[in-house]
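The structure file protein-v9.pdb is reproduced below (PDB, C-alpha atoms).
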ATOM      1  CA  MET A 185      40.757  28.504  -3.985  1.00  0.00           C
ATOM      2  CA  ARG A 186      41.553  25.436  -6.105  1.00  0.00           C
ATOM      3  CA  PHE A 187      41.234  23.277  -3.018  1.00  0.00           C
ATOM      4  CA  LEU A 188      37.690  24.526  -2.448  1.00  0.00           C
ATOM      5  CA  ILE A 189      36.655  23.880  -6.078  1.00  0.00           C
ATOM      6  CA  VAL A 190      38.153  20.376  -6.007  1.00  0.00           C
ATOM      7  CA  LEU A 191      36.417  19.695  -2.706  1.00  0.00           C
ATOM      8  CA  ILE A 192      33.063  20.827  -4.103  1.00  0.00           C
ATOM      9  CA  ILE A 193      33.506  18.667  -7.225  1.00  0.00           C
ATOM     10  CA  ILE A 194      34.411  15.626  -5.105  1.00  0.00           C
ATOM     11  CA  ALA A 195      31.408  16.228  -2.860  1.00  0.00           C
ATOM     12  CA  LEU A 196      29.068  16.500  -5.869  1.00  0.00           C
ATOM     13  CA  LEU A 197      30.453  13.325  -7.441  1.00  0.00           C
ATOM     14  CA  ALA A 198      30.177  11.448  -4.139  1.00  0.00           C
ATOM     15  CA  PHE A 199      26.587  12.624  -3.751  1.00  0.00           C
ATOM     16  CA  LYS A 200      25.717  11.620  -7.326  1.00  0.00           C
ATOM     17  CA  PHE A 201      27.204   8.121  -7.156  1.00  0.00           C
ATOM     18  CA  TRP A 202      26.261   7.302  -3.557  1.00  0.00           C
ATOM     19  CA  PRO A 203      24.050   4.169  -3.593  1.00  0.00           C
ATOM     20  CA  GLU A 204      20.418   4.764  -2.698  1.00  0.00           C
ATOM     21  CA  GLN A 205      18.970   2.876   0.204  1.00  0.00           C
ATOM     22  CA  PRO A 206      15.858   0.896  -0.774  1.00  0.00           C
ATOM     23  CA  ILE A 207      12.681   2.277   0.730  1.00  0.00           C
ATOM     24  CA  PRO A 208      10.822  -0.456   2.616  1.00  0.00           C
ATOM     25  CA  THR A 209       7.196  -1.047   1.753  1.00  0.00           C
ATOM     26  CA  ALA A 210       4.521  -0.523   4.367  1.00  0.00           C
ATOM     27  CA  GLU A 211       4.174  -4.294   4.845  1.00  0.00           C
ATOM     28  CA  GLU A 212       7.885  -4.553   5.667  1.00  0.00           C
ATOM     29  CA  SER A 213       7.859  -1.696   8.155  1.00  0.00           C
ATOM     30  CA  PHE A 214       6.702  -1.612  11.767  1.00  0.00           C
ATOM     31  CA  ILE A 215       3.119  -0.998  10.652  1.00  0.00           C
ATOM     32  CA  GLY A 216       2.903  -4.302   8.740  1.00  0.00           C
ATOM     33  CA  PRO A 217       0.733  -6.230  11.242  1.00  0.00           C
ATOM     34  CA  GLN A 218      -1.846  -3.439  11.307  1.00  0.00           C
ATOM     35  CA  ILE A 219      -2.016  -3.445   7.510  1.00  0.00           C
ATOM     36  CA  GLU A 220      -2.576  -7.204   7.483  1.00  0.00           C
ATOM     37  CA  SER A 221      -5.460  -6.777   9.940  1.00  0.00           C
ATOM     38  CA  LEU A 222      -6.906  -4.016   7.773  1.00  0.00           C
ATOM     39  CA  LYS A 223      -6.748  -6.209   4.665  1.00  0.00           C
ATOM     40  CA  LYS A 224      -8.514  -9.045   6.492  1.00  0.00           C
ATOM     41  CA  ALA A 225     -11.224  -6.634   7.617  1.00  0.00           C
ATOM     42  CA  GLU A 226     -11.657  -5.436   4.034  1.00  0.00           C
ATOM     43  CA  GLN A 227     -12.048  -9.045   2.864  1.00  0.00           C
ATOM     44  CA  VAL A 228     -14.701  -9.663   5.533  1.00  0.00           C
ATOM     45  CA  GLU A 229     -16.518  -6.503   4.452  1.00  0.00           C
ATOM     46  CA  ASP A 230     -16.400  -7.572   0.793  1.00  0.00           C
ATOM     47  CA  GLN A 231     -17.782 -11.002   1.678  1.00  0.00           C
ATOM     48  CA  TYR A 232     -20.562  -9.400   3.724  1.00  0.00           C
ATOM     49  CA  MET A 233     -21.503  -7.045   0.881  1.00  0.00           C
ATOM     50  CA  GLU A 234     -21.599  -9.946  -1.607  1.00  0.00           C
ATOM     51  CA  ALA A 235     -23.819 -11.979   0.731  1.00  0.00           C
ATOM     52  CA  LEU A 236     -26.079  -8.968   1.210  1.00  0.00           C
ATOM     53  CA  ASP A 237     -26.374  -8.506  -2.560  1.00  0.00           C
ATOM     54  CA  ARG A 238     -27.245 -12.189  -2.996  1.00  0.00           C
ATOM     55  CA  ALA A 239     -29.883 -11.942  -0.255  1.00  0.00           C
ATOM     56  CA  ASN A 240     -31.378  -8.827  -1.849  1.00  0.00           C
ATOM     57  CA  GLN A 241     -31.503 -10.535  -5.242  1.00  0.00           C
ATOM     58  CA  GLN A 242     -33.212 -13.547  -3.681  1.00  0.00           C
ATOM     59  CA  ILE A 243     -35.760 -11.297  -1.965  1.00  0.00           C
ATOM     60  CA  GLU A 244     -36.482  -9.468  -5.242  1.00  0.00           C
ATOM     61  CA  LYS A 245     -36.797 -12.767  -7.073  1.00  0.00           C
ATOM     62  CA  ASP A 246     -39.202 -14.155  -4.459  1.00  0.00           C
ATOM     63  CA  SER A 247     -41.322 -10.992  -4.329  1.00  0.00           C
ATOM     64  CA  ASP A 248     -41.619 -10.756  -8.145  1.00  0.00           C
ATOM     65  CA  GLY A 249     -42.747 -14.348  -8.459  1.00  0.00           C
ATOM     66  CA  GLY A 250     -45.211 -14.131  -5.545  1.00  0.00           C
TER      67      GLY A 250
END
Same coordinates, now as structure tokens:
Amino acid sequence: MRFLIVLIIIALLAFKFWPEQPIPTAEESFIGPQIESLKKAEQVEDQYMEALDRANQQIEKDSDGG
């Protein structure tokens, strides 16, 4: 019986002090290239939306002055 208690205590201590493995980020995993492509696409979309806003502002400015 003592052997079982000692074994359980050792197992609990080993589990508690076992070093944790670092969890890799998505960019470091196998899906990294797809995430980079997604970020580039988001940048292109942001640039397009900014250009569209500037064009709309220019159209409003031209139509108000005309």
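The spacing separating CA of Pro208 in chain A from CA of Glu220 in chain A amounts to 15.8 Å.
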Could you work out an axis-aligned box for range 213-217 of chain A, taking every atom the file lists and adding 3 Å on each side, and report centre and edge lengths in Å to one decimal, as JSON?
{"center_x": 4.3, "center_y": -3.6, "center_z": 10.0, "size_x": 13.1, "size_y": 11.2, "size_z": 9.6}
Here CA of Glu226 in chain A and CA of Thr209 in chain A stand apart by 19.5 Å
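For the pair CA of Ser221 in chain A and CA of Asn240 in chain A, the interatomic distance is 28.5 Å.
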